[in-house]
Amino acid sequence: METQIFQPNQVEAAAALLKAGQLVAFPTETVYGLGADATNETAVKKVYAAKGRPSDNPLIVTVTGQAMVEEYAQPLSATAQKLMQAFWPGSLTLILNLQPGALSKAVTGGLRTAAFRNPKNKTTLNLIQAAGVPIVGPSANTSGKPSPTLAQHVYHDLNGKIAGIVDDGPAAVGVESTILDLTADVPTILRPGAVTEEQLAAVIGTVRSNHHKVGAAEVPKAPGMKYKHYAPDAQVYIVDQVEDWPAALQWAAQQTTPVGVMAVDSVLADQTLPANVEVFSLGTDIASASHLLFDGLRHFDLESPVKNILTQGFPPVGLGAAYMNRLNKSAGQMHFSK
C-alpha cells in the first residue's frame with residue numbers, strides 16, 4: 001500500500017478512503033490521530049493492526065460536535081452539556097455511557113462507555129463532515145512510541161500501513177487531550193491535558209484526579225492508562241530540579257556515547273555542556289516544552305540517535321500535569337538522582 005499525502009483542500013478524497021473502510025491520519029491541535037470509520041468494525045480493527053495496539057485499549061471517537069455525540073451516547077447530563085459548551089471544540093475528551101449496541105466492542109474495548117472528542121481543527125472537522133460518520137482517533141504512531149506532532153512523524157511510523165495522511169502542519173498543543181470520565185460518581189480526570197483540572201472545576205465544580213493503576217486483567221476506560229507510552233528508543237531520565245543539572249551533565253560527560261539533553265533555553269544557557277551532549281531546546285516555558293516534548297523525543301530517535309536522554313521536569317500543576325504525565329511514561333518513571 002502506498003500512503004498518500006493530502007492537503008487540507010483535499011479532504012473529500014481523504015474522506016472517500018474513510019468511507020471505503022481505509023485508514024487515514026488526520027491533524028488535531030493536540031497530536032495527529034489515526035482515523036477509521038467508527039461505525040465500521042472491520043475498519044476499526046485495522047487501526048489496532050496498523051499501530052500494533054492491544055485490542056483492550058479503547059479508542060477515542062472524534063466528532064463534529066454535540067449533535068453527533070447524541071446519536072451514540074445516552075442522553076447527555078447537564079454537566080456534559082456545560083463542558084461541551086465551555087471547551088468544545090478543543091482539547092477535552094469526555095467518557096460517556098453509550099446507547100446499547102451503538103458502537104462496536106472494537107471501539108470501546110468491550111465497555112459500555114466511549115470517549116468522545118470534538119477537536120479544534122477545521123481541516124479535521126471538514127474531513128469528518130465529508131465522511132458523514134464519526135472517526136476513531138488514537139494517536140497516529142506505532143503503539144508505545146512518542147505521539148506524532150507532524151505529518152512526517154506519522155509517515156515515518158505508518159508509511160505503507162495506512163491509506164493516507166492529511167497534512168495540516170504542526171500540532172499547536174503537542175500533548176493529547178484531557179480525558180474526563182463522566183460515568184464516575186465524581187467527574188474524574190483519567191489523563192491530564194491542556195484543559196486543566198482548575199479550568200474544569202471552574203465550570204462544573206469538584207473534579208477528581210485519578211491515580212488508579214490498571215491491573216493486567218482490567219480493561220482501561222481510556223487510552224494511555226495501562227500500557228507503556230511515548231517511549232523513544234533511548235532511555236529517558238527526568239531531571240526534576242534546575243540545581244540537579246550540573247550533576248546530570250557531569251554524569252553525561254562520563255558516558256562513552258552521545259547523550260541527549262532536552263531543556264528550556266534558560267536552563268541550557270546556565271550550564272556547561274559536555275562535548276558529547278546533543279541538545280534539543282524545549283523553548284522558554286511549560287507551554288513550549290509541552291508543545292515540543294514529543295518532537296524532541298522523535299528527534300533523538302530519527303535524526304540524532306542516542307542511548308540516553310536527560311529531560312527537564314516541571315512541577316505537575318496546570319499544563320505541567322499533562323507534561324509530566326507524558327514524560328514519566330516515556331521515561332518509565334526513571335528520574336536522575338545524584
# chains A, B, ... in the order shown; residues from 1 in each chain; ligands from 1
$ closest_atom_pairs --of "range 71-116 of chain A" --to "range 169-182 of chain A" --cutoff "6 Å" --atoms "only C-alpha atoms" --output "tab-separated table"
residue	atom	partner	partner_atom	distance
A:Ser91	CA	A:Ser177	CA	4.5
A:Leu92	CA	A:Thr178	CA	4.9
A:Thr93	CA	A:Ile179	CA	4.6
A:Leu94	CA	A:Leu180	CA	5.1
A:Ile95	CA	A:Asp181	CA	4.7
A:Leu96	CA	A:Leu182	CA	5.9
$ closest_atom_pairs --of "range 246-303 of chain A" --to "range 148-166 of chain A" --cutoff "8 Å" --atoms "only C-alpha atoms" --output "tab-separated table"
residue	atom	partner	partner_atom	distance
A:Phe294	CA	A:Pro148	CA	7.0
A:Asp295	CA	A:Thr149	CA	6.6
A:Arg298	CA	A:His153	CA	7.8
$ write_last_selection --atoms "N, CA and C atoms" --output "short mmCIF file (atom, residue, chain, number, x, y, z; two decimals), in the first residue's frame"
data_model
loop_
_atom_site.label_atom_id
_atom_site.label_comp_id
_atom_site.auth_asym_id
_atom_site.auth_seq_id
_atom_site.Cartn_x
_atom_site.Cartn_y
_atom_site.Cartn_z
N PHE A 294 7.24 15.74 22.42
CA PHE A 294 7.25 14.59 21.52
C PHE A 294 8.15 14.82 20.31
N ASP A 295 8.21 16.07 19.84
CA ASP A 295 9.08 16.40 18.72
C ASP A 295 10.53 16.13 19.11
N ARG A 298 11.25 12.35 19.33
CA ARG A 298 11.37 11.79 17.97
C ARG A 298 12.66 12.26 17.29
#
$ closest_residue --among "A:Val239, A:Ala202, A:Ala73, A:Val279" --to "Thr113 in chain A" --atoms "only C-alpha atoms"
A:Ala73
$ select_by_dssp --residues "range 33-72 of chain A" --states "strand (DSSP E)" --output "ChimeraX atom specification"
/A:33-37,60-62
$ write_last_selection --atoms "N, CA, C and O atoms" --output "PDB file, in the first residue's frame"
ATOM      1  N   GLY A  33      -4.032  12.138  14.702  1.00  0.00           N
ATOM      2  CA  GLY A  33      -4.807  10.945  15.016  1.00  0.00           C
ATOM      3  C   GLY A  33      -4.871   9.996  13.835  1.00  0.00           C
ATOM      4  O   GLY A  33      -4.650  10.389  12.685  1.00  0.00           O
ATOM      5  N   LEU A  34      -5.176   8.736  14.122  1.00  0.00           N
ATOM      6  CA  LEU A  34      -5.323   7.730  13.073  1.00  0.00           C
ATOM      7  C   LEU A  34      -6.799   7.415  12.902  1.00  0.00           C
ATOM      8  O   LEU A  34      -7.415   6.807  13.779  1.00  0.00           O
ATOM      9  N   GLY A  35      -7.361   7.834  11.784  1.00  0.00           N
ATOM     10  CA  GLY A  35      -8.801   7.768  11.588  1.00  0.00           C
ATOM     11  C   GLY A  35      -9.287   6.533  10.862  1.00  0.00           C
ATOM     12  O   GLY A  35      -8.666   6.060   9.907  1.00  0.00           O
ATOM     13  N   ALA A  36     -10.427   6.028  11.326  1.00  0.00           N
ATOM     14  CA  ALA A  36     -11.201   4.994  10.639  1.00  0.00           C
ATOM     15  C   ALA A  36     -12.663   5.250  10.964  1.00  0.00           C
ATOM     16  O   ALA A  36     -12.991   5.850  11.995  1.00  0.00           O
ATOM     17  N   ASP A  37     -13.543   4.819  10.091  1.00  0.00           N
ATOM     18  CA  ASP A  37     -14.975   4.941  10.311  1.00  0.00           C
ATOM     19  C   ASP A  37     -15.347   4.218  11.603  1.00  0.00           C
ATOM     20  O   ASP A  37     -15.219   2.986  11.712  1.00  0.00           O
ATOM     21  N   ILE A  60     -10.638   6.663  21.159  1.00  0.00           N
ATOM     22  CA  ILE A  60     -11.421   7.894  21.221  1.00  0.00           C
ATOM     23  C   ILE A  60     -12.226   8.041  19.931  1.00  0.00           C
ATOM     24  O   ILE A  60     -11.740   7.748  18.843  1.00  0.00           O
ATOM     25  N   VAL A  61     -13.459   8.486  20.076  1.00  0.00           N
ATOM     26  CA  VAL A  61     -14.334   8.732  18.931  1.00  0.00           C
ATOM     27  C   VAL A  61     -14.329  10.237  18.662  1.00  0.00           C
ATOM     28  O   VAL A  61     -14.699  11.041  19.523  1.00  0.00           O
ATOM     29  N   THR A  62     -13.905  10.612  17.458  1.00  0.00           N
ATOM     30  CA  THR A  62     -13.753  12.016  17.099  1.00  0.00           C
ATOM     31  C   THR A  62     -14.983  12.466  16.327  1.00  0.00           C
ATOM     32  O   THR A  62     -15.385  11.834  15.355  1.00  0.00           O
TER      33      THR A  62
END
$ residues_around --residues "range 246-257 of chain A" --least-positions-apart "5" --cutoff "10 Å" --atoms "only C-alpha atoms" --output "PyMOL selection string"
chain A and resi 237-239+270-277+305-310+336-338
$ write_last_selection --atoms "all heavy atoms" --output "short mmCIF file (atom, residue, chain, number, x, y, z; two decimals), in the first residue's frame"
data_model
loop_
_atom_site.label_atom_id
_atom_site.label_comp_id
_atom_site.auth_asym_id
_atom_site.auth_seq_id
_atom_site.Cartn_x
_atom_site.Cartn_y
_atom_site.Cartn_z
N TYR A 237 15.72 10.00 31.16
CA TYR A 237 15.84 10.28 32.59
C TYR A 237 15.32 11.69 32.84
O TYR A 237 15.67 12.63 32.11
CB TYR A 237 17.29 10.19 33.06
CG TYR A 237 17.88 8.80 32.96
CD1 TYR A 237 18.62 8.43 31.85
CD2 TYR A 237 17.69 7.86 33.98
CE1 TYR A 237 19.17 7.16 31.75
CE2 TYR A 237 18.23 6.59 33.88
CZ TYR A 237 18.97 6.24 32.76
OH TYR A 237 19.50 4.98 32.66
N ILE A 238 14.50 11.85 33.86
CA ILE A 238 13.92 13.15 34.18
C ILE A 238 14.82 13.86 35.18
O ILE A 238 15.17 13.31 36.23
CB ILE A 238 12.51 12.99 34.76
CG1 ILE A 238 11.62 12.24 33.78
CG2 ILE A 238 11.91 14.35 35.10
CD1 ILE A 238 10.29 11.80 34.36
N VAL A 239 15.19 15.09 34.88
CA VAL A 239 15.95 15.93 35.79
C VAL A 239 14.96 16.87 36.46
O VAL A 239 14.46 17.82 35.84
CB VAL A 239 17.06 16.71 35.04
CG1 VAL A 239 17.86 17.55 36.03
CG2 VAL A 239 17.96 15.76 34.28
N ASP A 270 22.59 28.35 31.23
CA ASP A 270 23.29 28.42 32.51
C ASP A 270 24.22 27.24 32.77
O ASP A 270 24.89 27.20 33.80
CB ASP A 270 22.27 28.49 33.66
CG ASP A 270 21.62 29.85 33.76
OD1 ASP A 270 22.16 30.81 33.16
OD2 ASP A 270 20.57 29.97 34.42
N GLN A 271 24.27 26.26 31.84
CA GLN A 271 25.04 25.05 32.08
C GLN A 271 26.28 25.00 31.19
O GLN A 271 26.31 25.57 30.09
CB GLN A 271 24.18 23.81 31.82
CG GLN A 271 22.88 23.78 32.57
CD GLN A 271 23.03 23.88 34.07
OE1 GLN A 271 23.96 23.33 34.65
NE2 GLN A 271 22.13 24.61 34.71
N THR A 272 27.29 24.31 31.67
CA THR A 272 28.45 23.97 30.85
C THR A 272 28.18 22.62 30.23
O THR A 272 28.07 21.61 30.94
CB THR A 272 29.74 23.92 31.69
OG1 THR A 272 29.94 25.20 32.30
CG2 THR A 272 30.93 23.58 30.82
N LEU A 273 28.01 22.59 28.91
CA LEU A 273 27.58 21.38 28.23
C LEU A 273 28.79 20.56 27.78
O LEU A 273 29.66 21.08 27.08
CB LEU A 273 26.71 21.73 27.03
CG LEU A 273 25.44 22.52 27.35
CD1 LEU A 273 24.73 22.93 26.07
CD2 LEU A 273 24.51 21.72 28.25
N PRO A 274 28.87 19.28 28.16
CA PRO A 274 29.96 18.42 27.71
C PRO A 274 29.96 18.26 26.19
O PRO A 274 28.93 18.44 25.53
CB PRO A 274 29.67 17.08 28.40
CG PRO A 274 28.75 17.41 29.53
CD PRO A 274 27.95 18.58 29.07
N ALA A 275 31.11 17.89 25.66
CA ALA A 275 31.26 17.77 24.20
C ALA A 275 30.38 16.66 23.63
O ALA A 275 30.00 16.71 22.45
CB ALA A 275 32.71 17.51 23.85
N ASN A 276 30.04 15.64 24.42
CA ASN A 276 29.26 14.51 23.89
C ASN A 276 27.75 14.69 24.05
O ASN A 276 26.98 13.76 23.86
CB ASN A 276 29.69 13.21 24.58
CG ASN A 276 29.32 13.18 26.06
OD1 ASN A 276 29.31 14.22 26.72
ND2 ASN A 276 29.04 12.00 26.59
N VAL A 277 27.33 15.90 24.39
CA VAL A 277 25.90 16.18 24.58
C VAL A 277 25.29 16.73 23.30
O VAL A 277 25.86 17.60 22.64
CB VAL A 277 25.70 17.18 25.74
CG1 VAL A 277 24.36 17.90 25.62
CG2 VAL A 277 25.76 16.46 27.07
N PRO A 305 20.48 9.72 16.87
CA PRO A 305 20.30 8.60 17.80
C PRO A 305 21.26 8.64 18.99
O PRO A 305 22.46 8.84 18.84
CB PRO A 305 20.58 7.38 16.92
CG PRO A 305 20.33 7.85 15.53
CD PRO A 305 20.77 9.28 15.50
N VAL A 306 20.70 8.49 20.17
CA VAL A 306 21.48 8.43 21.41
C VAL A 306 20.93 7.27 22.24
O VAL A 306 19.86 6.74 21.94
CB VAL A 306 21.37 9.75 22.21
CG1 VAL A 306 21.99 10.91 21.45
CG2 VAL A 306 19.91 10.06 22.57
N LYS A 307 21.66 6.89 23.28
CA LYS A 307 21.20 5.81 24.15
C LYS A 307 20.52 6.33 25.41
O LYS A 307 19.77 5.60 26.07
CB LYS A 307 22.38 4.90 24.52
CG LYS A 307 22.91 4.10 23.33
CD LYS A 307 23.98 3.11 23.78
CE LYS A 307 24.46 2.26 22.60
NZ LYS A 307 25.51 1.30 23.00
N ASN A 308 20.79 7.59 25.76
CA ASN A 308 20.21 8.18 26.97
C ASN A 308 19.80 9.62 26.68
O ASN A 308 20.48 10.33 25.92
CB ASN A 308 21.21 8.18 28.12
CG ASN A 308 21.63 6.76 28.52
OD1 ASN A 308 20.85 6.04 29.12
ND2 ASN A 308 22.86 6.39 28.18
N ILE A 309 18.68 10.05 27.28
CA ILE A 309 18.20 11.42 27.12
C ILE A 309 17.88 11.99 28.51
O ILE A 309 17.07 11.42 29.24
CB ILE A 309 16.94 11.49 26.25
CG1 ILE A 309 17.16 10.84 24.89
CG2 ILE A 309 16.48 12.95 26.08
CD1 ILE A 309 15.88 10.70 24.07
N LEU A 310 18.51 13.10 28.86
CA LEU A 310 18.20 13.83 30.08
C LEU A 310 17.16 14.90 29.73
O LEU A 310 17.38 15.73 28.85
CB LEU A 310 19.45 14.50 30.65
CG LEU A 310 20.57 13.56 31.11
CD1 LEU A 310 21.84 14.35 31.37
CD2 LEU A 310 20.14 12.80 32.36
N PHE A 336 16.63 11.18 37.28
CA PHE A 336 18.05 11.27 37.58
C PHE A 336 18.22 11.58 39.06
O PHE A 336 17.54 12.45 39.62
CB PHE A 336 18.71 12.38 36.73
CG PHE A 336 20.17 12.56 37.07
CD1 PHE A 336 21.12 11.73 36.51
CD2 PHE A 336 20.56 13.54 37.98
CE1 PHE A 336 22.47 11.87 36.84
CE2 PHE A 336 21.89 13.70 38.30
CZ PHE A 336 22.85 12.86 37.74
N SER A 337 19.12 10.86 39.70
CA SER A 337 19.43 11.15 41.10
C SER A 337 20.94 11.30 41.25
O SER A 337 21.71 10.60 40.58
CB SER A 337 18.93 10.03 42.02
OG SER A 337 19.49 8.78 41.66
N LYS A 338 21.33 12.21 42.09
CA LYS A 338 22.76 12.48 42.27
C LYS A 338 23.47 11.29 42.88
O LYS A 338 22.91 10.56 43.67
CB LYS A 338 22.94 13.71 43.17
CG LYS A 338 22.34 15.00 42.59
CD LYS A 338 22.51 16.15 43.55
CE LYS A 338 21.87 17.42 43.04
NZ LYS A 338 22.00 18.53 43.97
#
$ residues_around --residues "Lys122 in chain A" --least-positions-apart "2" --cutoff "12 Å" --atoms "only C-alpha atoms" --output "list of chain:residue names"
A:Pro8, A:Asn9, A:Val11, A:Phe26, A:Pro27, A:Thr28, A:Glu29, A:Val63, A:Thr64, A:Pro89, A:Gly90, A:Asn118, A:Pro119, A:Lys120, A:Thr124, A:Leu125, A:Asn126, A:Leu127, A:Ile128, A:Gln129, A:Asp168
$ closest_residue --among "A:Gln235, A:Ser143, A:Ser266, A:Ser104" --to "Gly283 in chain A" --atoms "only C-alpha atoms"
A:Ser266
$ select_by_dssp --residues "range 12-146 of chain A" --states "helix (DSSP H, G or I)" --output "ChimeraX atom specification"
/A:12-19,41-51,66-70,78-87,105-108,122-131
$ atom_distance --atom1 "CA of Leu111 in chain A" --atom2 "CA of Thr142 in chain A"
23.7 Å
